[in-house]
>>> print(open('data24.txt').read())   # compact mmCIF, C-alpha atoms and all ligand atoms
# COMPACT_ATOMS: atom_id res chain seq x y z
CA MET G 27 80.94 108.39 137.97
CA ASN G 28 80.80 104.69 138.98
CA GLY G 29 82.73 103.49 135.93
CA ARG G 30 79.58 101.88 134.49
CA GLU G 31 78.16 105.08 132.92
CA PRO G 32 78.50 105.29 129.12
CA ILE G 33 81.30 107.54 127.92
CA LEU G 34 79.56 109.82 125.47
CA PRO G 35 80.65 111.61 122.26
CA GLY G 36 82.69 114.69 123.11
CA SER G 37 84.72 112.69 125.66
CA THR G 38 88.38 111.80 125.19
CA ILE G 39 89.67 108.26 124.70
CA GLY G 40 93.30 107.30 125.42
CA VAL G 41 95.06 104.77 123.21
CA LEU G 42 98.24 103.00 124.32
CA GLY G 43 100.16 102.28 121.11
CA SER G 44 100.28 104.29 117.92
CA GLY G 45 100.18 102.00 114.87
CA GLN G 46 97.62 101.48 112.12
CA LEU G 47 95.12 99.79 114.43
CA GLY G 48 95.08 102.90 116.60
CA ARG G 49 94.80 105.05 113.47
CA MET G 50 91.68 103.26 112.21
CA PHE G 51 90.24 103.23 115.76
CA THR G 52 90.87 106.98 115.99
CA ILE G 53 89.18 107.66 112.66
CA ALA G 54 86.10 105.71 113.84
CA ALA G 55 86.10 107.56 117.17
CA ARG G 56 86.49 111.01 115.64
CA ARG G 57 83.70 110.30 113.19
CA MET G 58 81.46 109.77 116.22
CA GLY G 59 82.60 113.02 117.85
CA TYR G 60 85.15 111.70 120.34
CA ARG G 61 88.62 113.09 120.93
CA VAL G 62 91.59 110.72 120.97
CA HIS G 63 94.97 110.93 122.71
CA THR G 64 97.68 108.41 121.86
CA PHE G 65 100.69 107.34 123.94
CA SER G 66 103.79 105.54 122.61
CA PRO G 67 107.58 105.99 122.46
CA ASP G 68 107.40 107.20 118.83
CA GLU G 69 106.71 110.45 116.98
CA ASP G 70 104.65 111.26 113.88
CA THR G 71 102.95 107.88 114.20
CA PRO G 72 100.06 106.41 112.16
CA THR G 73 97.76 107.09 115.14
CA GLY G 74 99.35 110.38 116.17
CA GLN G 75 98.79 111.84 112.68
CA VAL G 76 95.02 111.57 113.11
CA ALA G 77 94.69 111.92 116.91
CA ASP G 78 94.03 115.15 118.83
CA VAL G 79 97.13 114.68 120.96
CA GLU G 80 100.22 112.49 120.47
CA VAL G 81 102.21 111.84 123.64
CA THR G 82 105.74 110.55 123.02
CA SER G 83 107.15 108.79 126.05
CA PRO G 84 108.58 105.36 126.96
CA TYR G 85 106.00 102.84 128.23
CA GLU G 86 108.24 102.44 131.30
CA ASP G 87 107.66 106.08 132.37
CA LEU G 88 104.78 105.23 134.69
CA ASP G 89 104.30 108.85 135.87
CA ALA G 90 103.79 109.89 132.25
CA VAL G 91 101.37 106.97 131.79
CA CYS G 92 99.35 108.06 134.82
CA SER G 93 99.15 111.69 133.76
CA PHE G 94 98.12 110.55 130.26
CA ALA G 95 95.34 108.40 131.80
CA LYS G 96 94.15 111.28 133.99
CA GLY G 97 93.53 113.33 130.87
CA VAL G 98 91.09 110.82 129.30
CA SER G 99 87.81 109.09 130.20
CA VAL G 100 88.96 105.55 129.34
CA VAL G 101 92.20 103.95 128.22
CA THR G 102 92.37 101.22 125.61
CA PHE G 103 95.27 99.76 123.65
CA GLU G 104 96.02 98.92 120.07
CA PHE G 105 99.25 97.01 120.66
CA GLU G 106 99.27 93.90 122.83
CA ASN G 107 102.89 94.15 123.87
CA VAL G 108 102.28 97.17 126.07
CA PRO G 109 104.06 96.13 129.32
CA ALA G 110 101.77 94.84 132.09
CA ALA G 111 103.15 97.52 134.46
CA THR G 112 102.07 100.24 131.99
CA ALA G 113 98.51 98.90 131.86
CA ALA G 114 98.49 98.64 135.67
CA ALA G 115 99.73 102.24 136.06
CA ALA G 116 97.04 103.46 133.65
CA ALA G 117 94.39 101.53 135.62
CA GLU G 118 95.33 103.49 138.77
CA CYS G 119 94.32 106.68 136.99
CA ALA G 120 91.46 105.75 134.59
CA PRO G 121 89.33 102.76 133.58
CA VAL G 122 91.29 100.45 131.23
CA ARG G 123 89.31 98.33 128.75
CA PRO G 124 89.86 95.53 128.04
CA ALA G 125 91.40 94.92 131.48
CA GLY G 126 95.17 94.57 131.82
CA GLU G 127 94.74 90.86 132.70
CA VAL G 128 93.53 90.18 129.15
CA LEU G 129 96.76 91.74 127.84
CA HIS G 130 98.84 89.83 130.35
CA THR G 131 97.36 86.47 129.30
CA THR G 132 97.55 87.03 125.56
CA GLN G 133 100.94 88.74 125.21
CA HIS G 134 102.78 85.56 126.16
CA ARG G 135 102.25 82.40 124.08
CA LEU G 136 102.76 80.02 126.95
CA ARG G 137 100.39 81.85 129.30
CA GLU G 138 97.82 82.05 126.51
CA LYS G 139 98.10 78.34 125.66
CA THR G 140 97.98 77.33 129.33
CA PHE G 141 94.86 79.44 129.83
CA LEU G 142 93.17 78.00 126.71
CA SER G 143 94.04 74.38 127.42
CA ARG G 144 92.91 74.62 131.08
CA ALA G 145 89.59 76.00 129.83
CA GLY G 146 89.28 73.00 127.46
CA PHE G 147 89.70 74.80 124.10
CA PRO G 148 91.12 72.81 121.14
CA LEU G 149 94.80 73.65 120.58
CA THR G 150 97.74 72.55 118.45
CA PRO G 151 99.82 70.04 120.50
CA TYR G 152 102.62 72.02 122.20
CA ARG G 153 105.37 71.78 124.82
CA ARG G 154 107.17 74.42 126.86
CA VAL G 155 110.89 74.57 126.10
CA ALA G 156 113.09 76.20 128.76
CA ASP G 157 116.51 75.02 127.59
CA ARG G 158 118.28 73.17 124.78
CA ALA G 159 117.84 69.74 126.43
CA GLU G 160 114.10 70.30 126.72
CA LEU G 161 113.97 71.08 123.02
CA THR G 162 115.24 67.57 122.25
CA SER G 163 112.65 65.92 124.51
CA ALA G 164 109.84 68.20 123.27
CA VAL G 165 110.59 67.24 119.65
CA ALA G 166 110.50 63.56 120.64
CA GLU G 167 107.02 64.07 122.13
CA VAL G 168 105.47 66.46 119.58
CA GLY G 169 107.11 64.94 116.47
CA MET G 170 108.31 66.63 113.28
CA PRO G 171 107.78 68.84 111.42
CA ALA G 172 107.33 71.28 114.29
CA ILE G 173 107.63 75.02 114.84
CA LEU G 174 109.63 76.61 117.65
CA LYS G 175 108.25 80.02 118.69
CA THR G 176 109.45 82.53 121.25
CA ALA G 177 107.19 82.51 124.32
CA ASP G 178 106.79 86.29 124.29
CA PHE G 179 106.68 89.18 121.86
CA GLY G 180 105.98 87.10 118.78
CA TYR G 181 103.79 88.26 115.93
CA ASP G 182 103.65 87.98 112.15
CA GLY G 183 105.81 84.89 112.14
CA LYS G 184 108.70 86.70 113.88
CA GLY G 185 110.74 84.67 116.36
CA GLN G 186 109.67 81.39 114.71
CA TYR G 187 111.70 78.56 113.32
CA ARG G 188 110.53 75.45 111.47
CA ILE G 189 112.10 72.14 112.53
CA LYS G 190 112.14 69.38 109.92
CA SER G 191 114.96 67.18 111.21
CA LEU G 192 117.13 66.79 114.31
CA SER G 193 119.92 68.69 112.55
CA ASP G 194 117.69 71.82 112.76
CA LEU G 195 117.61 71.87 116.58
CA ASP G 196 120.74 73.94 117.28
CA GLY G 197 119.78 76.53 114.65
CA ALA G 198 116.22 76.71 115.96
CA TRP G 199 117.35 77.21 119.55
CA GLN G 200 119.66 80.04 118.44
CA ALA G 201 116.92 81.56 116.27
CA VAL G 202 114.63 82.03 119.29
CA GLY G 203 117.48 83.65 121.22
CA GLU G 204 118.15 80.64 123.51
CA ARG G 205 115.29 81.62 125.80
CA GLU G 206 111.91 80.29 126.87
CA ALA G 207 109.98 79.05 123.86
CA VAL G 208 107.03 76.92 122.78
CA LEU G 209 107.34 73.95 120.45
CA GLU G 210 104.21 73.38 118.37
CA ALA G 211 103.33 70.49 116.10
CA HIS G 212 103.10 71.67 112.50
CA VAL G 213 99.44 71.59 111.44
CA ASP G 214 98.73 70.37 107.92
CA PHE G 215 95.70 72.63 107.65
CA GLU G 216 92.93 72.90 105.07
CA CYS G 217 92.82 76.66 105.63
CA GLU G 218 93.30 79.37 108.25
CA LEU G 219 90.30 81.17 109.70
CA SER G 220 89.73 83.96 112.18
CA VAL G 221 86.71 85.22 114.05
CA VAL G 222 86.66 88.85 115.14
CA GLY G 223 84.31 89.09 118.10
CA VAL G 224 83.24 91.90 120.39
CA ARG G 225 81.85 91.62 123.90
CA SER G 226 80.16 94.35 125.88
CA VAL G 227 80.80 94.90 129.57
CA GLY G 228 77.45 93.20 130.23
CA GLY G 229 78.42 90.09 128.23
CA GLU G 230 76.62 90.76 124.94
CA PHE G 231 78.54 89.19 122.03
CA ARG G 232 78.64 90.00 118.29
CA HIS G 233 80.91 88.62 115.56
CA TYR G 234 81.49 88.90 111.81
CA GLY G 235 81.55 85.14 111.06
CA PRO G 236 84.69 83.28 110.06
CA ILE G 237 87.16 85.07 107.79
CA GLU G 238 89.49 83.05 105.54
CA ASN G 239 93.14 84.06 105.78
CA HIS G 240 96.17 83.38 103.59
CA HIS G 241 99.66 84.07 104.90
CA GLU G 242 102.92 84.57 103.03
CA ASN G 243 106.13 84.08 105.01
CA GLY G 244 104.13 84.10 108.25
CA ILE G 245 102.53 87.50 107.47
CA LEU G 246 98.85 87.89 106.62
CA ASP G 247 98.50 88.40 102.87
CA THR G 248 94.75 88.26 102.14
CA SER G 249 91.52 87.90 104.12
CA THR G 250 88.19 86.97 102.59
CA SER G 251 84.70 87.18 104.04
CA PRO G 252 82.63 85.10 104.23
CA ALA G 253 85.02 82.14 104.46
CA ALA G 254 84.20 79.24 102.14
CA VAL G 255 83.53 76.71 104.91
CA PRO G 256 80.56 74.49 105.78
CA ASP G 257 77.92 75.98 108.09
CA ARG G 258 78.92 73.57 110.86
CA VAL G 259 82.51 74.92 110.83
CA ALA G 260 81.27 78.53 110.73
CA ARG G 261 78.99 77.90 113.70
CA GLU G 262 81.62 76.07 115.68
CA ALA G 263 84.27 78.79 115.08
CA SER G 264 81.88 81.50 116.23
CA GLU G 265 80.83 79.50 119.29
CA ILE G 266 84.46 78.94 120.28
CA ALA G 267 85.15 82.67 119.83
CA ARG G 268 82.19 83.56 122.03
CA ALA G 269 83.38 81.13 124.71
CA VAL G 270 86.93 82.57 124.60
CA LEU G 271 85.70 86.16 125.02
CA ASP G 272 83.44 85.05 127.88
CA GLU G 273 86.17 83.06 129.59
CA LEU G 274 88.53 86.07 129.40
CA GLN G 275 85.71 88.46 130.40
CA VAL G 276 86.80 90.77 127.58
CA THR G 277 85.25 94.22 127.22
CA GLY G 278 86.11 95.03 123.62
CA VAL G 279 87.18 93.31 120.42
CA LEU G 280 89.24 90.12 120.36
CA CYS G 281 90.25 87.99 117.38
CA VAL G 282 90.58 84.20 117.57
CA GLU G 283 92.83 82.71 114.88
CA PHE G 284 92.17 79.09 113.89
CA PHE G 285 93.59 76.28 111.81
CA LEU G 286 90.89 74.22 110.09
CA GLN G 287 92.30 70.72 109.83
CA LYS G 288 91.65 68.51 106.83
CA ASN G 289 89.41 66.31 109.02
CA GLY G 290 87.16 69.32 109.69
CA ASN G 291 88.38 69.98 113.26
CA LEU G 292 89.21 73.49 114.42
CA LEU G 293 92.32 74.27 116.47
CA ILE G 294 93.03 77.67 118.01
CA ASN G 295 96.34 79.09 116.78
CA GLU G 296 96.39 82.30 118.81
CA LEU G 297 94.42 85.22 120.20
CA ALA G 298 94.76 88.95 119.52
CA PRO G 299 93.05 91.08 122.21
CA ARG G 300 92.13 93.95 119.87
CA PRO G 301 90.85 94.70 116.35
CA HIS G 302 92.78 92.51 113.92
CA ASN G 303 94.28 92.80 110.43
CA SER G 304 91.85 90.13 109.17
CA GLY G 305 88.91 92.36 110.18
CA HIS G 306 90.01 95.49 108.29
CA TYR G 307 87.48 94.81 105.51
CA THR G 308 84.68 95.58 108.02
CA VAL G 309 85.49 99.30 107.61
CA ASP G 310 84.19 99.16 104.03
CA ALA G 311 81.88 96.15 104.05
CA ASN G 312 79.93 96.26 107.33
CA LEU G 313 77.41 98.49 109.01
CA THR G 314 79.69 98.75 112.06
CA SER G 315 83.44 98.21 111.65
CA GLN G 316 85.56 96.30 114.15
CA PHE G 317 87.05 99.66 115.22
CA GLU G 318 83.67 101.22 115.95
CA GLN G 319 82.73 98.08 117.91
CA GLN G 320 85.87 98.52 120.00
CA LEU G 321 84.94 102.15 120.62
CA ARG G 322 81.35 101.24 121.54
CA ALA G 323 82.47 98.44 123.86
CA VAL G 324 85.11 100.46 125.73
CA CYS G 325 82.71 103.44 126.01
CA LEU G 326 79.95 101.13 127.34
CA LEU G 327 77.63 102.03 124.46
CA PRO G 328 75.36 99.39 122.86
CA LEU G 329 77.22 97.30 120.25
CA GLY G 330 76.52 98.05 116.57
CA GLY G 331 74.93 95.88 113.89
CA VAL G 332 77.35 93.59 112.05
CA GLY G 333 75.38 93.38 108.77
CA GLN G 334 77.63 93.11 105.69
CA TRP G 335 76.80 94.90 102.42
CA THR G 336 78.52 92.39 100.10
CA PRO G 337 81.24 89.72 100.22
CA ALA G 338 84.64 91.36 100.67
CA ALA G 339 88.37 90.73 100.58
CA MET G 340 91.42 92.53 101.91
CA ALA G 341 94.96 92.44 100.47
CA ASN G 342 97.81 93.80 102.59
CA LEU G 343 100.32 96.25 101.09
CA LEU G 344 103.78 95.50 102.47
CA GLY G 345 106.87 97.67 102.20
CA ASP G 346 108.25 95.38 99.46
CA LEU G 347 105.78 97.05 97.05
CA TRP G 348 107.96 100.17 97.27
CA ASN G 349 111.09 98.31 96.07
CA ASN G 350 111.01 100.07 92.68
CA GLY G 351 109.73 103.40 93.94
CA GLU G 352 106.31 104.76 94.88
CA PRO G 353 103.50 102.34 93.89
CA ASP G 354 101.21 103.37 91.04
CA TRP G 355 98.30 104.77 93.06
CA THR G 356 96.45 105.96 89.97
CA ALA G 357 96.29 102.41 88.60
CA ALA G 358 94.83 101.11 91.85
CA ALA G 359 92.33 103.97 92.03
CA ALA G 360 91.12 103.01 88.57
CA VAL G 361 89.93 99.59 89.80
CA GLN G 362 86.25 100.04 90.69
CA ASP G 363 84.88 98.62 93.96
CA VAL G 364 88.36 98.65 95.53
CA LYS G 365 89.20 100.96 98.44
CA LEU G 366 92.72 102.08 99.36
CA HIS G 367 93.88 102.46 102.98
CA LEU G 368 97.36 103.80 103.77
CA TYR G 369 98.75 104.11 107.27
CA GLY G 370 100.91 107.23 106.91
CA LYS G 371 104.25 105.42 107.43
CA SER G 372 107.10 107.26 105.74
CA GLU G 373 109.63 104.43 105.71
CA ALA G 374 108.74 101.38 103.56
CA ARG G 375 110.74 98.42 104.89
CA PRO G 376 110.32 94.87 103.47
CA GLY G 377 107.57 93.05 105.36
CA ARG G 378 106.27 96.27 106.99
CA LYS G 379 102.50 96.74 106.80
CA MET G 380 102.05 100.05 104.93
CA GLY G 381 98.36 99.80 104.00
CA HIS G 382 95.73 97.53 102.52
CA LEU G 383 93.13 97.31 99.77
CA THR G 384 89.55 96.20 100.32
CA ALA G 385 87.44 94.88 97.43
CA LEU G 386 83.67 94.40 97.49
CA SER G 387 82.13 91.98 95.01
CA ARG G 388 79.27 89.56 94.28
CA ASN G 389 81.10 86.66 95.92
CA ALA G 390 84.13 86.22 98.13
CA ALA G 391 86.37 84.63 95.45
CA ALA G 392 85.67 87.51 93.03
CA ALA G 393 86.43 90.02 95.79
CA ARG G 394 89.74 88.30 96.46
CA ASN G 395 90.63 88.39 92.77
CA ASP G 396 89.78 92.08 92.58
CA ALA G 397 91.88 92.93 95.63
CA THR G 398 94.92 90.99 94.44
CA ASN G 399 94.59 92.31 90.86
CA ALA G 400 94.45 95.88 92.14
CA ARG G 401 97.56 95.16 94.20
CA LYS G 402 99.34 93.84 91.10
CA ALA G 403 98.40 97.05 89.30
CA LEU G 404 100.21 99.00 92.03
CA ALA G 405 103.57 97.32 91.49
CA ARG G 406 106.12 99.19 89.38
P1 LIG N 501 101.66 82.99 114.34
O1 LIG N 501 102.43 84.27 114.44
O2 LIG N 501 101.99 82.02 115.40
O3 LIG N 501 100.19 83.18 114.13
O4 LIG N 501 102.16 82.31 112.97
C1 LIG N 501 102.04 82.99 111.73
C2 LIG N 501 101.64 82.01 110.64
O5 LIG N 501 102.60 80.92 110.53
C3 LIG N 501 100.31 81.30 110.90
O6 LIG N 501 99.22 82.11 110.57
C4 LIG N 501 100.48 80.09 109.98
O7 LIG N 501 100.31 80.43 108.63
C5 LIG N 501 101.93 79.70 110.22
N1 LIG N 501 101.99 78.77 111.38
C6 LIG N 501 102.23 79.13 112.67
N2 LIG N 501 102.16 78.05 113.49
C7 LIG N 501 101.86 76.98 112.72
C8 LIG N 501 101.63 75.59 112.98
N3 LIG N 501 101.74 75.07 114.22
N4 LIG N 501 101.33 74.79 111.93
C9 LIG N 501 101.24 75.30 110.66
N5 LIG N 501 101.44 76.61 110.35
C10 LIG N 501 101.75 77.45 111.36
>>> encode(input="data24.txt", output="structure tokens")
Amino acid sequence: MNGREPILPGSTIGVLGSGQLGRMFTIAARRMGYRVHTFSPDEDTPTGQVADVEVTSPYEDLDAVCSFAKGVSVVTFEFENVPAATAAAAAECAPVRPAGEVLHTTQHRLREKTFLSRAGFPLTPYRRVADRAELTSAVAEVGMPAILKTADFGYDGKGQYRIKSLSDLDGAWQAVGEREAVLEAHVDFECELSVVGVRSVGGEFRHYGPIENHHENGILDTSTSPAAVPDRVAREASEIARAVLDELQVTGVLCVEFFLQKNGNLLINELAPRPHNSGHYTVDANLTSQFEQQLRAVCLLPLGGVGQWTPAAMANLLGDLWNNGEPDWTAAAAVQDVKLHLYGKSEARPGRKMGHLTALSRNAAAARNDATNARKALAR
């Protein structure tokens, strides 16, 4: 096989990582007759519960990674912090899609921002901060308020600290662990948007249009599609997403997160080189979900249609919902046009993503209301 032949149903796909993204990918793959093996350091994982085989091994065990890769037709990942050496070891033993370089660029904020700014994409003003003295000079250049973020391994607002005055600098530097960081100007945005795009190995591109996202405490709370933005903004966001996927030569799904400024300009916040939380509604609302697109792209099959049945909204279910015991599932099931997704996690910690609800309705605002009302009905 020259590596360009489609990988057909009946074949086995390997997934590095074992969270909910891998779980929903696995469900899409199994529906189409594929087998799925998952590899991560954990046991009884959201992905492992629905996969054919769950391999439990540290990412640093490169022999285990290689033997895992030898047992599958293609390796993909659902977790962008898989170490670069792990992706490289897998690539010695099987095709890896998207390529390890995409992971390498996007798993480190500074590398990602350097890549995007060199390619001319619009970004929030930022400075690299290597030590405490540089933090002082970076704040003088970027201004306040600003946000200090760890350069690596940051997601869901973790490893971030907001700086409002010079008296915050010592606390901020400690909060990021006194190591390489990025200082970003705080953006007074109109709203946050994302575009989930997919690119085939031959460069074909599909997307679901801009999705409107609301965060609480740095964690995604709701996503609504279509976003209530002018056509010009929708077009521009999708064009930027296409250009990013092309520039990175991605084979697979990638999500571009944006800030829409009050003056109508778009800035890229960050990239996620995989299906994204904001695209979960596509499972219920679109002809082809983001997970099936990922499967099709990494298996070199034609991409699927992105047609959407109705406007839709997604509300995340965090561990906090379990504070007073098991949520009231019956009450949520009673809300028509709302679908429940749970990820099979046994331990509900505050802030942990346990599941989500998707609502379909006649317009996006009504869908959002339905999703959040159903979530309220869950709370004890
Ligand atoms: P991140 O993990 O960097 O995507 O940050 C999580 C969330 O924090 C974002 O989706 C925003 O809601 C908020 N945030 C992060 N950076 C900024 C910024 N420079 N200006 C305003 N809000 C931000």
>>> closest_atom_pairs(input="data24.txt", of="chain G", to="ligand LIG 501 (chain N)", cutoff="10 Å", atoms="all atoms listed in the file", output="CSV")
residue,atom,partner,partner_atom,distance
G:Arg135,CA,N:LIG501,O2,8.7
G:Leu149,CA,N:LIG501,N3,9.5
G:Thr150,CA,N:LIG501,N3,6.3
G:Pro151,CA,N:LIG501,N3,8.3
G:Tyr152,CA,N:LIG501,N3,8.6
G:Pro171,CA,N:LIG501,N4,8.8
G:Ala172,CA,N:LIG501,N3,6.8
G:Ile173,CA,N:LIG501,N3,5.9
G:Leu174,CA,N:LIG501,N2,8.7
G:Lys175,CA,N:LIG501,O2,7.3
G:Thr176,CA,N:LIG501,O2,9.5
G:Phe179,CA,N:LIG501,O1,9.9
G:Gly180,CA,N:LIG501,O1,6.3
G:Tyr181,CA,N:LIG501,O1,4.5
G:Asp182,CA,N:LIG501,O1,4.5
G:Gly183,CA,N:LIG501,O1,4.1
G:Lys184,CA,N:LIG501,O1,6.7
G:Gly185,CA,N:LIG501,O1,8.5
G:Gln186,CA,N:LIG501,O2,7.7
G:Tyr187,CA,N:LIG501,C6,9.5
G:Arg188,CA,N:LIG501,C7,8.9
G:Leu209,CA,N:LIG501,N3,8.5
G:Glu210,CA,N:LIG501,N3,5.1
G:Ala211,CA,N:LIG501,N3,5.2
G:His212,CA,N:LIG501,N4,3.6
G:Val213,CA,N:LIG501,N4,3.7
G:Asp214,CA,N:LIG501,C9,6.2
G:Phe215,CA,N:LIG501,C9,6.8
G:Cys217,CA,N:LIG501,O7,8.9
G:Glu218,CA,N:LIG501,O6,6.9
G:Leu219,CA,N:LIG501,O6,9.0
G:Ser220,CA,N:LIG501,O6,9.8
G:Asn239,CA,N:LIG501,O6,8.0
G:His240,CA,N:LIG501,O7,7.2
G:His241,CA,N:LIG501,O7,5.3
G:Glu242,CA,N:LIG501,O7,7.4
G:Asn243,CA,N:LIG501,O5,7.3
G:Gly244,CA,N:LIG501,C2,4.0
G:Ile245,CA,N:LIG501,C1,6.2
G:Leu246,CA,N:LIG501,O6,7.0
G:Asp247,CA,N:LIG501,O6,10.0
G:Glu283,CA,N:LIG501,O3,7.4
G:Phe284,CA,N:LIG501,O6,8.4
G:Phe285,CA,N:LIG501,C9,7.8
G:Leu293,CA,N:LIG501,N3,9.7
G:Ile294,CA,N:LIG501,O3,9.8
G:Asn295,CA,N:LIG501,O3,6.2
G:Glu296,CA,N:LIG501,O3,6.1
G:Leu297,CA,N:LIG501,O3,8.6
G:Ala298,CA,N:LIG501,O3,9.6
>>> write_last_selection(input="data24.txt", atoms="C-alpha atoms", output="PDB file, keeping the file's coordinate frame")
ATOM      1  CA  ARG G 135     102.250  82.400 124.080  1.00  0.00           C
ATOM      2  CA  LEU G 149      94.800  73.650 120.580  1.00  0.00           C
ATOM      3  CA  THR G 150      97.740  72.550 118.450  1.00  0.00           C
ATOM      4  CA  PRO G 151      99.820  70.040 120.500  1.00  0.00           C
ATOM      5  CA  TYR G 152     102.620  72.020 122.200  1.00  0.00           C
ATOM      6  CA  PRO G 171     107.780  68.840 111.420  1.00  0.00           C
ATOM      7  CA  ALA G 172     107.330  71.280 114.290  1.00  0.00           C
ATOM      8  CA  ILE G 173     107.630  75.020 114.840  1.00  0.00           C
ATOM      9  CA  LEU G 174     109.630  76.610 117.650  1.00  0.00           C
ATOM     10  CA  LYS G 175     108.250  80.020 118.690  1.00  0.00           C
ATOM     11  CA  THR G 176     109.450  82.530 121.250  1.00  0.00           C
ATOM     12  CA  PHE G 179     106.680  89.180 121.860  1.00  0.00           C
ATOM     13  CA  GLY G 180     105.980  87.100 118.780  1.00  0.00           C
ATOM     14  CA  TYR G 181     103.790  88.260 115.930  1.00  0.00           C
ATOM     15  CA  ASP G 182     103.650  87.980 112.150  1.00  0.00           C
ATOM     16  CA  GLY G 183     105.810  84.890 112.140  1.00  0.00           C
ATOM     17  CA  LYS G 184     108.700  86.700 113.880  1.00  0.00           C
ATOM     18  CA  GLY G 185     110.740  84.670 116.360  1.00  0.00           C
ATOM     19  CA  GLN G 186     109.670  81.390 114.710  1.00  0.00           C
ATOM     20  CA  TYR G 187     111.700  78.560 113.320  1.00  0.00           C
ATOM     21  CA  ARG G 188     110.530  75.450 111.470  1.00  0.00           C
ATOM     22  CA  LEU G 209     107.340  73.950 120.450  1.00  0.00           C
ATOM     23  CA  GLU G 210     104.210  73.380 118.370  1.00  0.00           C
ATOM     24  CA  ALA G 211     103.330  70.490 116.100  1.00  0.00           C
ATOM     25  CA  HIS G 212     103.100  71.670 112.500  1.00  0.00           C
ATOM     26  CA  VAL G 213      99.440  71.590 111.440  1.00  0.00           C
ATOM     27  CA  ASP G 214      98.730  70.370 107.920  1.00  0.00           C
ATOM     28  CA  PHE G 215      95.700  72.630 107.650  1.00  0.00           C
ATOM     29  CA  CYS G 217      92.820  76.660 105.630  1.00  0.00           C
ATOM     30  CA  GLU G 218      93.300  79.370 108.250  1.00  0.00           C
ATOM     31  CA  LEU G 219      90.300  81.170 109.700  1.00  0.00           C
ATOM     32  CA  SER G 220      89.730  83.960 112.180  1.00  0.00           C
ATOM     33  CA  ASN G 239      93.140  84.060 105.780  1.00  0.00           C
ATOM     34  CA  HIS G 240      96.170  83.380 103.590  1.00  0.00           C
ATOM     35  CA  HIS G 241      99.660  84.070 104.900  1.00  0.00           C
ATOM     36  CA  GLU G 242     102.920  84.570 103.030  1.00  0.00           C
ATOM     37  CA  ASN G 243     106.130  84.080 105.010  1.00  0.00           C
ATOM     38  CA  GLY G 244     104.130  84.100 108.250  1.00  0.00           C
ATOM     39  CA  ILE G 245     102.530  87.500 107.470  1.00  0.00           C
ATOM     40  CA  LEU G 246      98.850  87.890 106.620  1.00  0.00           C
ATOM     41  CA  ASP G 247      98.500  88.400 102.870  1.00  0.00           C
ATOM     42  CA  GLU G 283      92.830  82.710 114.880  1.00  0.00           C
ATOM     43  CA  PHE G 284      92.170  79.090 113.890  1.00  0.00           C
ATOM     44  CA  PHE G 285      93.590  76.280 111.810  1.00  0.00           C
ATOM     45  CA  LEU G 293      92.320  74.270 116.470  1.00  0.00           C
ATOM     46  CA  ILE G 294      93.030  77.670 118.010  1.00  0.00           C
ATOM     47  CA  ASN G 295      96.340  79.090 116.780  1.00  0.00           C
ATOM     48  CA  GLU G 296      96.390  82.300 118.810  1.00  0.00           C
ATOM     49  CA  LEU G 297      94.420  85.220 120.200  1.00  0.00           C
ATOM     50  CA  ALA G 298      94.760  88.950 119.520  1.00  0.00           C
TER      51      ALA G 298
END
>>> residues_around(input="data24.txt", residues="stretch 72-76 of chain G", least_positions_apart="2", cutoff="10 Å", atoms="all atoms listed in the file", output="PyMOL selection string")
chain G and resi 41+43-53+56+62-66+68-70+78-82+104+368-372+380
>>> residues_around(input="data24.txt", residues="G:Val255", least_positions_apart="6", cutoff="10 Å", atoms="only C-alpha atoms", output="list in words")
Cys217, Leu219, Pro236, Ile237, Glu238, Arg261, Leu286 and Gly290 of chain G
>>> residues_around(input="data24.txt", residues="G:Cys119", least_positions_apart="5", cutoff="8 Å", atoms="all atoms listed in the file", output="ChimeraX atom specification")
/G:92-93,95-96
>>> atom_distance(input="data24.txt", atom1="atom CA of G:Met340", atom2="atom CA of G:Tyr307")
5.8 Å
>>> closest_residue(input="data24.txt", among="G:Asn389, G:Pro299, G:Ala260, G:Lys190", to="G:Phe105", atoms="only C-alpha atoms")
G:Pro299
>>> atom_distance(input="data24.txt", atom1="atom CA of G:Leu366", atom2="atom CA of G:Leu321")
22.6 Å
>>> closest_residue(input="data24.txt", among="G:Glu206, G:Asp157, G:Ala110, G:Thr102", to="G:Thr132", atoms="all atoms listed in the file")
G:Ala110
>>> residues_around(input="data24.txt", residues="G:Glu318", least_positions_apart="3", cutoff="9 Å", atoms="all atoms listed in the file", output="list of chain:residue names")
G:Phe51, G:Ala54, G:Ala55, G:Met58, G:Val309, G:Thr314, G:Ser315, G:Leu321, G:Arg322, G:Ala323, G:Leu329, G:Gly330
>>> residues_around(input="data24.txt", residues="G:Ala116", least_positions_apart="2", cutoff="10 Å", atoms="all atoms listed in the file", output="compact mmCIF listing (two decimals) with C-alpha atoms, in the frame of the given file")
# COMPACT_ATOMS: atom_id res chain seq x y z
CA GLY G 40 93.30 107.30 125.42
CA LEU G 42 98.24 103.00 124.32
CA LEU G 88 104.78 105.23 134.69
CA ASP G 89 104.30 108.85 135.87
CA ALA G 90 103.79 109.89 132.25
CA VAL G 91 101.37 106.97 131.79
CA CYS G 92 99.35 108.06 134.82
CA SER G 93 99.15 111.69 133.76
CA PHE G 94 98.12 110.55 130.26
CA ALA G 95 95.34 108.40 131.80
CA LYS G 96 94.15 111.28 133.99
CA VAL G 100 88.96 105.55 129.34
CA VAL G 101 92.20 103.95 128.22
CA THR G 102 92.37 101.22 125.61
CA ALA G 110 101.77 94.84 132.09
CA ALA G 111 103.15 97.52 134.46
CA THR G 112 102.07 100.24 131.99
CA ALA G 113 98.51 98.90 131.86
CA ALA G 114 98.49 98.64 135.67
CA GLU G 118 95.33 103.49 138.77
CA CYS G 119 94.32 106.68 136.99
CA ALA G 120 91.46 105.75 134.59
CA PRO G 121 89.33 102.76 133.58
CA VAL G 122 91.29 100.45 131.23
CA GLY G 126 95.17 94.57 131.82
